[in-house]
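S.K.: Structure provided below as C-alpha cells; questions to follow.
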Amino acid sequence: MTCGCEHLTKRYGAQTVLRDLTLNFRPGGAYCLMAPSGGGKTTLFRLFAGLETPDGGRLLGFPDCRMSMVFQEDRLFEHLSPVTNAVLVQQKPDRGQIIRALEEILSRDCLTQPVRELSGGMKRRAAIARAVLCPSEVLLLDEPFTGLDEETRLRTIRFVRQRRGDRLLLLTTHRPEEAELLGAEIIRL
C-alpha cells in the first residue's frame with residue numbers, strides 16, 4: 001500500500017503548522033522527518049494516525065492501514081508490566097516470545113514489575129518494544145530515543161532495525177545519526 005499525503009494543510013486557529021505538504025513513501029521504506037521544534041512533525045504523525053483532521057489536502061493510505069506508534073509520551077498502562085503492555089497489542093500473544101523480545105532491551109527482573117515502578121528509560125524502551133511488537137503495516141516513531149543513554153539508545157535502535165521487518169518506518173528526531181543507524185532517508189519539512 002502506498003502511503004503519503006498530497007497538498008496537506010493543517011492549522012490551529014490563525015497558525016498554519018503544515019502548508020501544502022506532499023510526501024510519498026514507498027512500501028517498506030524508512031524515512032526520518034526532520035524540522036525544528038514546532039515544525040509540524042508530531043502534527044503530521046497525528047494526521048497520519050487519524051488523531052487529527054487535515055484542513056486541506058488529503059492523506060494517501062493513512063489512516064486505513066494498520067499502524068503502531070511511539071508517541072513523545074510513553075502512553076503505557078502504568079499498573080501493568082512491560083510484558084502485559086506488549087501482550088495487549090497482540091492478536092495471538094505468545095508470552096514466551098514477547099519476553100524474549102523484551103529481554104533484548106530490558107532487564108529480565110523488570111519485565112513483571114508495574115510500569116509505574118520503572119525508570120523513565122525503561123518505560124521508554126517498553127513503549128518502543130510494544131509498538132515494534134504490534135502487528136502493523138506502518139511504524140510511527142515520534143522522537144523515540146529521547147532520554148536514553150548512548151549505549152541503551154544504540155541497543156534500542158538495533159532492536160527496532162532488526163524487528164521492523166518490511167513495514168514502512170516513519171521516524172522523527174533531531175539527531176541525523178539515528179536516521180542513519182536505521183537506514184532512513186531524511187526528509188526536511
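Simple scheme: letters A, B, ... for chains in C-alpha cells order, numbers from 1 for residues in each chain, numbers from 1 for ligands in the order shown.
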Run DSSP on the backbone and grab whatever in chain A lands in helix (DSSP H, G or I); send it over as a PDB file with N, CA, C and O atoms, in the first residue's frame.
M.R.:
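Saved as result.pdb:
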```
ATOM      1  N   LYS A  41       6.126  18.115  12.885  1.00  0.00           N
ATOM      2  CA  LYS A  41       6.395  16.671  12.816  1.00  0.00           C
ATOM      3  C   LYS A  41       5.344  15.859  13.573  1.00  0.00           C
ATOM      4  O   LYS A  41       4.766  14.916  13.018  1.00  0.00           O
ATOM      5  N   THR A  42       5.102  16.221  14.819  1.00  0.00           N
ATOM      6  CA  THR A  42       4.124  15.489  15.625  1.00  0.00           C
ATOM      7  C   THR A  42       2.723  15.668  15.056  1.00  0.00           C
ATOM      8  O   THR A  42       1.941  14.710  15.000  1.00  0.00           O
ATOM      9  N   THR A  43       2.405  16.850  14.603  1.00  0.00           N
ATOM     10  CA  THR A  43       1.098  17.095  13.975  1.00  0.00           C
ATOM     11  C   THR A  43       0.919  16.187  12.764  1.00  0.00           C
ATOM     12  O   THR A  43      -0.145  15.585  12.579  1.00  0.00           O
ATOM     13  N   LEU A  44       1.944  16.054  11.952  1.00  0.00           N
ATOM     14  CA  LEU A  44       1.873  15.187  10.775  1.00  0.00           C
ATOM     15  C   LEU A  44       1.618  13.743  11.188  1.00  0.00           C
ATOM     16  O   LEU A  44       0.763  13.069  10.607  1.00  0.00           O
ATOM     17  N   PHE A  45       2.318  13.264  12.208  1.00  0.00           N
ATOM     18  CA  PHE A  45       2.081  11.903  12.691  1.00  0.00           C
ATOM     19  C   PHE A  45       0.656  11.752  13.217  1.00  0.00           C
ATOM     20  O   PHE A  45       0.022  10.722  13.007  1.00  0.00           O
ATOM     21  N   ARG A  46       0.160  12.750  13.911  1.00  0.00           N
ATOM     22  CA  ARG A  46      -1.212  12.693  14.425  1.00  0.00           C
ATOM     23  C   ARG A  46      -2.222  12.655  13.274  1.00  0.00           C
ATOM     24  O   ARG A  46      -3.247  11.983  13.362  1.00  0.00           O
ATOM     25  N   LEU A  47      -1.922  13.356  12.192  1.00  0.00           N
ATOM     26  CA  LEU A  47      -2.773  13.292  10.999  1.00  0.00           C
ATOM     27  C   LEU A  47      -2.718  11.893  10.387  1.00  0.00           C
ATOM     28  O   LEU A  47      -3.752  11.312  10.046  1.00  0.00           O
ATOM     29  N   PHE A  48      -1.513  11.345  10.239  1.00  0.00           N
ATOM     30  CA  PHE A  48      -1.363  10.004   9.682  1.00  0.00           C
ATOM     31  C   PHE A  48      -2.144   8.979  10.507  1.00  0.00           C
ATOM     32  O   PHE A  48      -2.752   8.064   9.961  1.00  0.00           O
ATOM     33  N   PRO A  82       5.638  -4.435  31.609  1.00  0.00           N
ATOM     34  CA  PRO A  82       6.019  -4.316  30.198  1.00  0.00           C
ATOM     35  C   PRO A  82       5.515  -5.501  29.365  1.00  0.00           C
ATOM     36  O   PRO A  82       5.065  -5.320  28.233  1.00  0.00           O
ATOM     37  N   VAL A  83       5.554  -6.705  29.949  1.00  0.00           N
ATOM     38  CA  VAL A  83       5.076  -7.889  29.216  1.00  0.00           C
ATOM     39  C   VAL A  83       3.591  -7.738  28.905  1.00  0.00           C
ATOM     40  O   VAL A  83       3.159  -7.926  27.763  1.00  0.00           O
ATOM     41  N   THR A  84       2.792  -7.390  29.900  1.00  0.00           N
ATOM     42  CA  THR A  84       1.344  -7.265  29.692  1.00  0.00           C
ATOM     43  C   THR A  84       1.029  -6.123  28.739  1.00  0.00           C
ATOM     44  O   THR A  84       0.123  -6.243  27.899  1.00  0.00           O
ATOM     45  N   ASN A  85       1.764  -5.014  28.817  1.00  0.00           N
ATOM     46  CA  ASN A  85       1.569  -3.925  27.859  1.00  0.00           C
ATOM     47  C   ASN A  85       1.784  -4.419  26.435  1.00  0.00           C
ATOM     48  O   ASN A  85       1.037  -4.056  25.532  1.00  0.00           O
ATOM     49  N   ALA A  86       2.779  -5.254  26.225  1.00  0.00           N
ATOM     50  CA  ALA A  86       3.058  -5.787  24.880  1.00  0.00           C
ATOM     51  C   ALA A  86       2.026  -6.843  24.476  1.00  0.00           C
ATOM     52  O   ALA A  86       1.625  -6.907  23.313  1.00  0.00           O
ATOM     53  N   VAL A  87       1.580  -7.656  25.428  1.00  0.00           N
ATOM     54  CA  VAL A  87       0.566  -8.681  25.139  1.00  0.00           C
ATOM     55  C   VAL A  87      -0.717  -8.036  24.626  1.00  0.00           C
ATOM     56  O   VAL A  87      -1.376  -8.558  23.723  1.00  0.00           O
ATOM     57  N   ARG A  95       3.482 -15.245  25.062  1.00  0.00           N
ATOM     58  CA  ARG A  95       4.194 -14.582  26.161  1.00  0.00           C
ATOM     59  C   ARG A  95       5.691 -14.892  26.146  1.00  0.00           C
ATOM     60  O   ARG A  95       6.505 -14.013  26.398  1.00  0.00           O
ATOM     61  N   GLY A  96       6.037 -16.132  25.850  1.00  0.00           N
ATOM     62  CA  GLY A  96       7.450 -16.504  25.812  1.00  0.00           C
ATOM     63  C   GLY A  96       8.206 -15.714  24.756  1.00  0.00           C
ATOM     64  O   GLY A  96       9.315 -15.212  25.009  1.00  0.00           O
ATOM     65  N   GLN A  97       7.615 -15.585  23.588  1.00  0.00           N
ATOM     66  CA  GLN A  97       8.239 -14.821  22.506  1.00  0.00           C
ATOM     67  C   GLN A  97       8.332 -13.335  22.873  1.00  0.00           C
ATOM     68  O   GLN A  97       9.334 -12.680  22.603  1.00  0.00           O
ATOM     69  N   ILE A  98       7.304 -12.810  23.501  1.00  0.00           N
ATOM     70  CA  ILE A  98       7.305 -11.404  23.927  1.00  0.00           C
ATOM     71  C   ILE A  98       8.398 -11.171  24.970  1.00  0.00           C
ATOM     72  O   ILE A  98       9.151 -10.199  24.886  1.00  0.00           O
ATOM     73  N   ILE A  99       8.503 -12.069  25.933  1.00  0.00           N
ATOM     74  CA  ILE A  99       9.539 -11.936  26.972  1.00  0.00           C
ATOM     75  C   ILE A  99      10.926 -11.963  26.346  1.00  0.00           C
ATOM     76  O   ILE A  99      11.787 -11.131  26.675  1.00  0.00           O
ATOM     77  N   ARG A 100      11.164 -12.887  25.421  1.00  0.00           N
ATOM     78  CA  ARG A 100      12.484 -12.962  24.760  1.00  0.00           C
ATOM     79  C   ARG A 100      12.792 -11.663  24.004  1.00  0.00           C
ATOM     80  O   ARG A 100      13.914 -11.165  24.033  1.00  0.00           O
ATOM     81  N   ALA A 101      11.788 -11.103  23.352  1.00  0.00           N
ATOM     82  CA  ALA A 101      11.993  -9.843  22.624  1.00  0.00           C
ATOM     83  C   ALA A 101      12.292  -8.706  23.601  1.00  0.00           C
ATOM     84  O   ALA A 101      13.231  -7.928  23.392  1.00  0.00           O
ATOM     85  N   LEU A 102      11.508  -8.606  24.661  1.00  0.00           N
ATOM     86  CA  LEU A 102      11.715  -7.536  25.631  1.00  0.00           C
ATOM     87  C   LEU A 102      13.085  -7.637  26.295  1.00  0.00           C
ATOM     88  O   LEU A 102      13.712  -6.617  26.602  1.00  0.00           O
ATOM     89  N   ARG A 108      15.608  -8.669  32.625  1.00  0.00           N
ATOM     90  CA  ARG A 108      14.571  -9.665  32.940  1.00  0.00           C
ATOM     91  C   ARG A 108      13.834  -9.326  34.234  1.00  0.00           C
ATOM     92  O   ARG A 108      12.627  -9.534  34.341  1.00  0.00           O
ATOM     93  N   ASP A 109      14.530  -8.782  35.229  1.00  0.00           N
ATOM     94  CA  ASP A 109      13.907  -8.542  36.526  1.00  0.00           C
ATOM     95  C   ASP A 109      12.837  -7.440  36.499  1.00  0.00           C
ATOM     96  O   ASP A 109      12.008  -7.364  37.399  1.00  0.00           O
ATOM     97  N   CYS A 110      12.825  -6.599  35.478  1.00  0.00           N
ATOM     98  CA  CYS A 110      11.808  -5.533  35.431  1.00  0.00           C
ATOM     99  C   CYS A 110      10.597  -5.906  34.584  1.00  0.00           C
ATOM    100  O   CYS A 110       9.610  -5.177  34.566  1.00  0.00           O
ATOM    101  N   VAL A 115       4.708  -0.894  35.351  1.00  0.00           N
ATOM    102  CA  VAL A 115       5.468   0.118  34.622  1.00  0.00           C
ATOM    103  C   VAL A 115       5.719   1.355  35.483  1.00  0.00           C
ATOM    104  O   VAL A 115       6.769   1.973  35.396  1.00  0.00           O
ATOM    105  N   ARG A 116       4.775   1.699  36.359  1.00  0.00           N
ATOM    106  CA  ARG A 116       4.943   2.896  37.191  1.00  0.00           C
ATOM    107  C   ARG A 116       6.174   2.816  38.092  1.00  0.00           C
ATOM    108  O   ARG A 116       6.660   3.832  38.556  1.00  0.00           O
ATOM    109  N   GLU A 117       6.691   1.614  38.334  1.00  0.00           N
ATOM    110  CA  GLU A 117       7.873   1.425  39.178  1.00  0.00           C
ATOM    111  C   GLU A 117       9.178   1.501  38.395  1.00  0.00           C
ATOM    112  O   GLU A 117      10.252   1.447  38.988  1.00  0.00           O
ATOM    113  N   GLY A 120      12.458   6.157  33.828  1.00  0.00           N
ATOM    114  CA  GLY A 120      11.993   6.760  32.576  1.00  0.00           C
ATOM    115  C   GLY A 120      12.544   6.053  31.349  1.00  0.00           C
ATOM    116  O   GLY A 120      11.828   5.826  30.374  1.00  0.00           O
ATOM    117  N   GLY A 121      13.817   5.678  31.388  1.00  0.00           N
ATOM    118  CA  GLY A 121      14.420   4.977  30.254  1.00  0.00           C
ATOM    119  C   GLY A 121      13.829   3.605  30.028  1.00  0.00           C
ATOM    120  O   GLY A 121      13.645   3.166  28.891  1.00  0.00           O
ATOM    121  N   MET A 122      13.518   2.901  31.114  1.00  0.00           N
ATOM    122  CA  MET A 122      12.888   1.584  30.985  1.00  0.00           C
ATOM    123  C   MET A 122      11.481   1.714  30.410  1.00  0.00           C
ATOM    124  O   MET A 122      11.066   0.918  29.567  1.00  0.00           O
ATOM    125  N   LYS A 123      10.749   2.720  30.874  1.00  0.00           N
ATOM    126  CA  LYS A 123       9.407   2.959  30.332  1.00  0.00           C
ATOM    127  C   LYS A 123       9.482   3.247  28.833  1.00  0.00           C
ATOM    128  O   LYS A 123       8.665   2.754  28.047  1.00  0.00           O
ATOM    129  N   ARG A 124      10.470   4.046  28.458  1.00  0.00           N
ATOM    130  CA  ARG A 124      10.611   4.407  27.044  1.00  0.00           C
ATOM    131  C   ARG A 124      10.850   3.165  26.205  1.00  0.00           C
ATOM    132  O   ARG A 124      10.252   2.978  25.150  1.00  0.00           O
ATOM    133  N   ARG A 125      11.751   2.313  26.674  1.00  0.00           N
ATOM    134  CA  ARG A 125      12.054   1.080  25.930  1.00  0.00           C
ATOM    135  C   ARG A 125      10.844   0.155  25.890  1.00  0.00           C
ATOM    136  O   ARG A 125      10.596  -0.506  24.866  1.00  0.00           O
ATOM    137  N   ALA A 126      10.064   0.104  26.965  1.00  0.00           N
ATOM    138  CA  ALA A 126       8.844  -0.714  26.963  1.00  0.00           C
ATOM    139  C   ALA A 126       7.850  -0.191  25.926  1.00  0.00           C
ATOM    140  O   ALA A 126       7.203  -0.965  25.213  1.00  0.00           O
ATOM    141  N   ALA A 127       7.729   1.134  25.820  1.00  0.00           N
ATOM    142  CA  ALA A 127       6.827   1.731  24.821  1.00  0.00           C
ATOM    143  C   ALA A 127       7.305   1.425  23.401  1.00  0.00           C
ATOM    144  O   ALA A 127       6.500   1.111  22.514  1.00  0.00           O
ATOM    145  N   ILE A 128       8.609   1.516  23.178  1.00  0.00           N
ATOM    146  CA  ILE A 128       9.165   1.211  21.858  1.00  0.00           C
ATOM    147  C   ILE A 128       8.926  -0.258  21.518  1.00  0.00           C
ATOM    148  O   ILE A 128       8.473  -0.591  20.414  1.00  0.00           O
ATOM    149  N   ALA A 129       9.220  -1.138  22.478  1.00  0.00           N
ATOM    150  CA  ALA A 129       9.034  -2.575  22.230  1.00  0.00           C
ATOM    151  C   ALA A 129       7.576  -2.890  21.926  1.00  0.00           C
ATOM    152  O   ALA A 129       7.280  -3.670  21.012  1.00  0.00           O
ATOM    153  N   ARG A 130       6.655  -2.289  22.677  1.00  0.00           N
ATOM    154  CA  ARG A 130       5.234  -2.545  22.439  1.00  0.00           C
ATOM    155  C   ARG A 130       4.854  -2.174  21.009  1.00  0.00           C
ATOM    156  O   ARG A 130       4.183  -2.928  20.313  1.00  0.00           O
ATOM    157  N   ALA A 131       5.306  -1.018  20.544  1.00  0.00           N
ATOM    158  CA  ALA A 131       4.980  -0.584  19.178  1.00  0.00           C
ATOM    159  C   ALA A 131       5.625  -1.489  18.135  1.00  0.00           C
ATOM    160  O   ALA A 131       4.996  -1.856  17.143  1.00  0.00           O
ATOM    161  N   VAL A 132       6.866  -1.856  18.356  1.00  0.00           N
ATOM    162  CA  VAL A 132       7.579  -2.695  17.386  1.00  0.00           C
ATOM    163  C   VAL A 132       6.975  -4.093  17.332  1.00  0.00           C
ATOM    164  O   VAL A 132       6.878  -4.694  16.259  1.00  0.00           O
ATOM    165  N   LEU A 133       6.546  -4.620  18.471  1.00  0.00           N
ATOM    166  CA  LEU A 133       5.989  -5.973  18.517  1.00  0.00           C
ATOM    167  C   LEU A 133       4.537  -6.034  18.052  1.00  0.00           C
ATOM    168  O   LEU A 133       4.018  -7.108  17.777  1.00  0.00           O
ATOM    169  N   GLU A 150      23.612   6.659  25.724  1.00  0.00           N
ATOM    170  CA  GLU A 150      24.179   6.276  24.424  1.00  0.00           C
ATOM    171  C   GLU A 150      24.140   4.769  24.175  1.00  0.00           C
ATOM    172  O   GLU A 150      23.689   4.319  23.122  1.00  0.00           O
ATOM    173  N   GLU A 151      24.588   3.981  25.131  1.00  0.00           N
ATOM    174  CA  GLU A 151      24.622   2.528  24.939  1.00  0.00           C
ATOM    175  C   GLU A 151      23.218   1.959  24.772  1.00  0.00           C
ATOM    176  O   GLU A 151      22.952   1.146  23.887  1.00  0.00           O
ATOM    177  N   THR A 152      22.304   2.400  25.611  1.00  0.00           N
ATOM    178  CA  THR A 152      20.918   1.935  25.547  1.00  0.00           C
ATOM    179  C   THR A 152      20.256   2.389  24.258  1.00  0.00           C
ATOM    180  O   THR A 152      19.505   1.637  23.631  1.00  0.00           O
ATOM    181  N   ARG A 153      20.533   3.616  23.854  1.00  0.00           N
ATOM    182  CA  ARG A 153      19.974   4.147  22.603  1.00  0.00           C
ATOM    183  C   ARG A 153      20.411   3.285  21.419  1.00  0.00           C
ATOM    184  O   ARG A 153      19.589   2.887  20.585  1.00  0.00           O
ATOM    185  N   LEU A 154      21.692   2.956  21.351  1.00  0.00           N
ATOM    186  CA  LEU A 154      22.200   2.150  20.239  1.00  0.00           C
ATOM    187  C   LEU A 154      21.600   0.752  20.256  1.00  0.00           C
ATOM    188  O   LEU A 154      21.234   0.210  19.206  1.00  0.00           O
ATOM    189  N   ARG A 155      21.465   0.146  21.442  1.00  0.00           N
ATOM    190  CA  ARG A 155      20.871  -1.191  21.545  1.00  0.00           C
ATOM    191  C   ARG A 155      19.404  -1.150  21.127  1.00  0.00           C
ATOM    192  O   ARG A 155      18.908  -2.043  20.437  1.00  0.00           O
ATOM    193  N   THR A 156      18.699  -0.085  21.496  1.00  0.00           N
ATOM    194  CA  THR A 156      17.282   0.037  21.155  1.00  0.00           C
ATOM    195  C   THR A 156      17.100   0.300  19.666  1.00  0.00           C
ATOM    196  O   THR A 156      16.185  -0.249  19.040  1.00  0.00           O
ATOM    197  N   ILE A 157      17.964   1.106  19.081  1.00  0.00           N
ATOM    198  CA  ILE A 157      17.916   1.331  17.631  1.00  0.00           C
ATOM    199  C   ILE A 157      18.139   0.008  16.892  1.00  0.00           C
ATOM    200  O   ILE A 157      17.443  -0.303  15.923  1.00  0.00           O
ATOM    201  N   ARG A 158      19.092  -0.785  17.360  1.00  0.00           N
ATOM    202  CA  ARG A 158      19.362  -2.091  16.748  1.00  0.00           C
ATOM    203  C   ARG A 158      18.123  -2.989  16.852  1.00  0.00           C
ATOM    204  O   ARG A 158      17.756  -3.681  15.894  1.00  0.00           O
ATOM    205  N   PHE A 159      17.441  -2.949  18.000  1.00  0.00           N
ATOM    206  CA  PHE A 159      16.203  -3.716  18.199  1.00  0.00           C
ATOM    207  C   PHE A 159      15.151  -3.318  17.163  1.00  0.00           C
ATOM    208  O   PHE A 159      14.536  -4.177  16.519  1.00  0.00           O
ATOM    209  N   VAL A 160      14.954  -2.025  16.987  1.00  0.00           N
ATOM    210  CA  VAL A 160      13.966  -1.534  16.011  1.00  0.00           C
ATOM    211  C   VAL A 160      14.362  -1.979  14.604  1.00  0.00           C
ATOM    212  O   VAL A 160      13.538  -2.501  13.845  1.00  0.00           O
ATOM    213  N   ARG A 161      15.616  -1.770  14.262  1.00  0.00           N
ATOM    214  CA  ARG A 161      16.088  -2.115  12.911  1.00  0.00           C
ATOM    215  C   ARG A 161      15.901  -3.605  12.622  1.00  0.00           C
ATOM    216  O   ARG A 161      15.440  -3.985  11.546  1.00  0.00           O
ATOM    217  N   GLN A 162      16.232  -4.454  13.587  1.00  0.00           N
ATOM    218  CA  GLN A 162      16.155  -5.895  13.364  1.00  0.00           C
ATOM    219  C   GLN A 162      14.729  -6.429  13.376  1.00  0.00           C
ATOM    220  O   GLN A 162      14.451  -7.450  12.767  1.00  0.00           O
ATOM    221  N   ARG A 163      13.812  -5.741  14.040  1.00  0.00           N
ATOM    222  CA  ARG A 163      12.464  -6.281  14.210  1.00  0.00           C
ATOM    223  C   ARG A 163      11.382  -5.581  13.387  1.00  0.00           C
ATOM    224  O   ARG A 163      10.236  -5.991  13.419  1.00  0.00           O
ATOM    225  N   PRO A 176      20.403  13.342  13.277  1.00  0.00           N
ATOM    226  CA  PRO A 176      20.551  12.655  11.989  1.00  0.00           C
ATOM    227  C   PRO A 176      21.212  11.286  12.092  1.00  0.00           C
ATOM    228  O   PRO A 176      20.920  10.399  11.293  1.00  0.00           O
ATOM    229  N   GLU A 177      22.062  11.077  13.099  1.00  0.00           N
ATOM    230  CA  GLU A 177      22.726   9.776  13.226  1.00  0.00           C
ATOM    231  C   GLU A 177      21.725   8.665  13.545  1.00  0.00           C
ATOM    232  O   GLU A 177      21.948   7.503  13.184  1.00  0.00           O
ATOM    233  N   GLU A 178      20.606   8.989  14.188  1.00  0.00           N
ATOM    234  CA  GLU A 178      19.584   7.975  14.433  1.00  0.00           C
ATOM    235  C   GLU A 178      18.954   7.533  13.122  1.00  0.00           C
ATOM    236  O   GLU A 178      18.710   6.343  12.910  1.00  0.00           O
ATOM    237  N   ALA A 179      18.698   8.483  12.244  1.00  0.00           N
ATOM    238  CA  ALA A 179      18.170   8.148  10.918  1.00  0.00           C
ATOM    239  C   ALA A 179      19.155   7.260  10.173  1.00  0.00           C
ATOM    240  O   ALA A 179      18.768   6.252   9.564  1.00  0.00           O
ATOM    241  N   GLU A 180      20.415   7.620  10.241  1.00  0.00           N
ATOM    242  CA  GLU A 180      21.446   6.839   9.543  1.00  0.00           C
ATOM    243  C   GLU A 180      21.514   5.405  10.093  1.00  0.00           C
ATOM    244  O   GLU A 180      21.588   4.454   9.319  1.00  0.00           O
ATOM    245  N   LEU A 181      21.494   5.262  11.414  1.00  0.00           N
ATOM    246  CA  LEU A 181      21.554   3.927  12.023  1.00  0.00           C
ATOM    247  C   LEU A 181      20.349   3.064  11.656  1.00  0.00           C
ATOM    248  O   LEU A 181      20.440   1.842  11.622  1.00  0.00           O
TER     249      LEU A 181
END
```
S.K.: Taking 2 positions as the minimum chain separation for residues in the same chain, which residues sit within 10 Å of Ala49 (chain A) when counting only C-alpha atoms? Answer as a list in words.
M.R.: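 In the requested form, the answer reads Thr43, Leu44, Phe45, Arg46, Leu47, Leu51, Glu52, Thr53, Phe62, Pro63, Asp64, Cys65, Arg66, Met67, Ser68, Met69, Val138 and Leu140 of chain A.
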S.K.: For Leu171 (chain A), work out the shell of residues within 8 Å, counting only C-alpha atoms and skipping chain neighbours fewer than 4 positions away, then give it as a list in words.
M.R.: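 Within the cut-off, the hits are Ala30, Tyr31, Cys32, Leu33, Leu140, Leu141, Asp142, Glu143 and Ala179 of chain A.
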S.K.: So how far away is CA of Ser81 (chain A) from CA of Gly147 (chain A), in Å?
M.R.: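 If I compute the distance from CA of Gly147 (chain A) to CA of Ser81 (chain A), I get 20.5 Å.
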S.K.: Restricting the calculation to only C-alpha atoms: of A:Gly29, A:Phe145, A:Leu21, A:Leu139, which residue gets closest to Gly183 (chain A)?
M.R.: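 For Gly183 (chain A), the nearest of the given residues is A:Gly29.
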S.K.: Looking only at strand (DSSP E or B) from DSSP on the backbone, list the matching residues of chain A as an MDAnalysis selection string.
M.R.: chainID A and resid 3:12 15:25 30:34 56:60 67:70 138:142 168:172 185:188
S.K.: Measuring atom to atom with only C-alpha atoms, identify which of A:Cys5, A:Leu118, A:Met34, A:Leu189 is nearest to Gly56 (chain A).
M.R.: A:Cys5
S.K.: Between A:Gly28, A:Gly4, A:Gly40, A:Pro114, single out the one closest to Gly57 (chain A), counting only C-alpha atoms.
M.R.: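 Selected residue with least distance to Gly57 (chain A): A:Gly4.
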S.K.: So how many Å separate CA of Leu8 (chain A) and CA of Arg175 (chain A), to one decimal?
M.R.: 25.2 Å
S.K.: Give the answer as one residue: which of A:Thr172, A:Ser107, A:Thr16, A:Thr2 has the shortest atom-to-atom distance to Gly61 (chain A), using only C-alpha atoms?
M.R.: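 Among the listed residues, A:Thr2 lies closest to Gly61 (chain A).
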